[in-house]
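Q: Below you will find the structure I want to go over with you.
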Amino acid sequence: MSRERSGERSRERFRARFAVFAECLLVGVWIGVAALPLVTLPAALAAGAGHLRRWTGDHETGLRSFAADLRGALRGGGWAVGTGYLTALAVVGADLALVRALPVPGGRVAGSLAVLAALWLTVSLLRAATAWRPGRRWRDLLGPAARRALRDPAGSLLVVCGLVVIAASAWFSTPLALPALGVLVAATLATERRVAAVAGDHPAGTLPTAAGPVLADRSAGALPTAAHPVVADRSAGAVPTLTSGDPVVGNCSAGAERVGTTDGAPCRA
């Protein structure tokens, strides 16, 4: 009896994993079709990442949601990002062609640096695309994504492996490169979730709500959402949003009144 239950669980896990793989292939085709104008590639990647994120989270999604994300990503600056990315790739290609046509000292080094720069731009674009959400603008995503690409070499290597899968698929049969785009987006999503899990970061735009101390610089606009003590710097003129009964441990020179006679005593707004 236990063997039958174990076998059934194994089959269910296999079906679930195969369903995820099949969905990646399907969304890869959607991305490839949406990216045919080339300048729409970043927006298509962002829409594909949004679809996989909703699908794996058991949320309702489909081609209509993909199209809505595509339009939103284009309105948020996707056109400009696609044009800039293609221009950068054209510059790298021209540099490689020049080095090959006119052998000069250090040409191979320059060519290698150009290839690395192209890979870094591509990985940064992919990580920015998976971080995109409706209503967000690309210019707010590209800088952090470029820094993550440098600070997380293991994750960037995983994304590069996805690029190798696309290249190998295209070499074997060009049409296979389209579904492989979904595998690349899935690998980038896994990389971003791994970074968030390791760093313990909250998703962009969210605030901590758990009971417990919140370490925040109130001068940077960080606002707690729970009734608990906040370790903060009151000297920067930040105004807390807690009730008057909530102790704030820190510098009371911004007008807060210290309760007690010791330096470590709490102060109240």
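Chain identifiers are assigned as A, B, and so on, following the order in which chains appear in the structure tokens; residues are numbered from 1 within each chain, and ligands are numbered from 1 in order of appearance.
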If you run DSSP on the backbone here, which positions in segment 22-240 of chain A get strand (DSSP E)? Please write them as a PyMOL selection string.

A: chain A and resi 214-215+230-231

Q: Those selected residues, please, written with C-alpha atoms and delivered as a compact mmCIF listing (two decimals), in the first residue's frame.

A:
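Result file follows (selection05.txt):
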```
# COMPACT_ATOMS: atom_id res chain seq x y z
CA VAL A 214 12.68 47.28 12.50
CA LEU A 215 16.14 48.65 11.78
CA VAL A 230 11.91 51.32 15.83
CA VAL A 231 15.65 51.85 15.97
```

Q: Return the single residue from A:Val33, A:Leu176, A:Ala187, A:Leu98 that is closest to Ala110 of chain A, with distances computed using only C-alpha atoms.

A: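 Between A:Val33, A:Leu176, A:Ala187, A:Leu98, the residue approaching Ala110 of chain A most closely is A:Leu98.
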
Q: One decimal, Å: what's the distance from atom CA of Arg108 of chain A over to atom CA of Ala170 of chain A, could you say?

A: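 For atom CA of Arg108 of chain A relative to atom CA of Ala170 of chain A, the distance reads 26.2 Å.
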
Q: Near segment 158-169 of chain A, within 9 Å and counting only C-alpha atoms, which residues show up once chain neighbours fewer than 5 positions away are dropped, as a ChimeraX atom specification?

A: /A:119,122-123,126-127,153,174-181,183-188,191

Q: With N, CA, C and O atoms kept, could you save the residues just selected as a short mmCIF file (atom, residue, chain, number, x, y, z; two decimals), in the first residue's frame?

A:
```cif
data_model
loop_
_atom_site.label_atom_id
_atom_site.label_comp_id
_atom_site.auth_asym_id
_atom_site.auth_seq_id
_atom_site.Cartn_x
_atom_site.Cartn_y
_atom_site.Cartn_z
N LEU A 119 27.84 40.28 -22.95
CA LEU A 119 27.22 39.32 -22.03
C LEU A 119 26.69 40.02 -20.79
O LEU A 119 25.59 39.71 -20.31
N THR A 122 23.51 41.81 -21.64
CA THR A 122 22.41 40.87 -21.84
C THR A 122 21.89 40.32 -20.52
O THR A 122 20.67 40.25 -20.29
N VAL A 123 22.80 39.94 -19.63
CA VAL A 123 22.39 39.43 -18.32
C VAL A 123 21.68 40.52 -17.53
O VAL A 123 20.65 40.27 -16.88
N LEU A 126 18.17 40.90 -18.87
CA LEU A 126 17.30 39.80 -18.45
C LEU A 126 16.89 39.94 -16.99
O LEU A 126 15.72 39.71 -16.64
N ARG A 127 17.82 40.32 -16.15
CA ARG A 127 17.50 40.46 -14.73
C ARG A 127 16.56 41.64 -14.51
O ARG A 127 15.68 41.59 -13.64
N PRO A 153 27.99 36.60 -9.35
CA PRO A 153 28.54 35.92 -10.53
C PRO A 153 27.97 34.53 -10.74
O PRO A 153 27.81 34.09 -11.89
N THR A 174 17.03 26.14 -36.10
CA THR A 174 16.69 27.53 -35.77
C THR A 174 15.34 27.68 -35.07
O THR A 174 15.25 28.43 -34.09
N PRO A 175 14.27 27.00 -35.48
CA PRO A 175 12.99 27.16 -34.78
C PRO A 175 13.03 26.77 -33.30
O PRO A 175 12.21 27.24 -32.51
N LEU A 176 13.96 25.90 -32.92
CA LEU A 176 14.04 25.48 -31.51
C LEU A 176 14.48 26.62 -30.60
O LEU A 176 14.31 26.53 -29.38
N ALA A 177 15.06 27.68 -31.16
CA ALA A 177 15.50 28.80 -30.33
C ALA A 177 14.32 29.52 -29.70
O ALA A 177 14.46 30.12 -28.63
N LEU A 178 13.15 29.48 -30.33
CA LEU A 178 11.98 30.18 -29.79
C LEU A 178 11.52 29.59 -28.46
O LEU A 178 11.44 30.31 -27.45
N PRO A 179 11.20 28.29 -28.38
CA PRO A 179 10.81 27.76 -27.06
C PRO A 179 11.93 27.83 -26.04
O PRO A 179 11.67 27.90 -24.84
N ALA A 180 13.19 27.80 -26.49
CA ALA A 180 14.30 27.89 -25.54
C ALA A 180 14.33 29.24 -24.84
O ALA A 180 14.91 29.37 -23.75
N LEU A 181 13.71 30.27 -25.42
CA LEU A 181 13.64 31.57 -24.75
C LEU A 181 12.90 31.46 -23.42
O LEU A 181 13.25 32.14 -22.45
N VAL A 183 12.92 28.86 -21.44
CA VAL A 183 13.86 28.25 -20.49
C VAL A 183 14.82 29.31 -19.95
O VAL A 183 15.15 29.34 -18.76
N LEU A 184 15.26 30.23 -20.82
CA LEU A 184 16.15 31.30 -20.40
C LEU A 184 15.47 32.22 -19.38
O LEU A 184 16.07 32.59 -18.36
N VAL A 185 14.23 32.57 -19.64
CA VAL A 185 13.50 33.43 -18.70
C VAL A 185 13.28 32.71 -17.37
O VAL A 185 13.41 33.30 -16.29
N ALA A 186 12.97 31.42 -17.42
CA ALA A 186 12.79 30.65 -16.19
C ALA A 186 14.08 30.60 -15.39
O ALA A 186 14.07 30.71 -14.15
N ALA A 187 15.22 30.43 -16.06
CA ALA A 187 16.51 30.41 -15.36
C ALA A 187 16.79 31.75 -14.71
O ALA A 187 17.30 31.82 -13.58
N THR A 188 16.44 32.84 -15.39
CA THR A 188 16.65 34.17 -14.81
C THR A 188 15.74 34.40 -13.61
O THR A 188 16.16 34.98 -12.60
N THR A 191 17.19 32.65 -10.72
CA THR A 191 18.35 33.39 -10.21
C THR A 191 17.92 34.54 -9.32
O THR A 191 18.47 34.76 -8.24
#
```

Q: Excluding Val81 of chain A and its own-chain neighbours fewer than 3 positions away, which residues fall within 10 Å of it when counting only C-alpha atoms? Please give them as JSON, numbers by chain.

A: {"A": [39, 40, 41, 42, 43, 74, 76, 77, 78, 84, 85, 86, 87, 125, 138, 139, 142]}

Q: Find the distance between atom CA of Leu63 of chain A and atom CA of Ala47 of chain A and write it in Å to one decimal.

A: 9.9 Å

Q: Mind pulling up the distance from atom CA of Gly72 of chain A to atom CA of Arg133 of chain A?

A: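 Those two atoms sit 8.9 Å apart.
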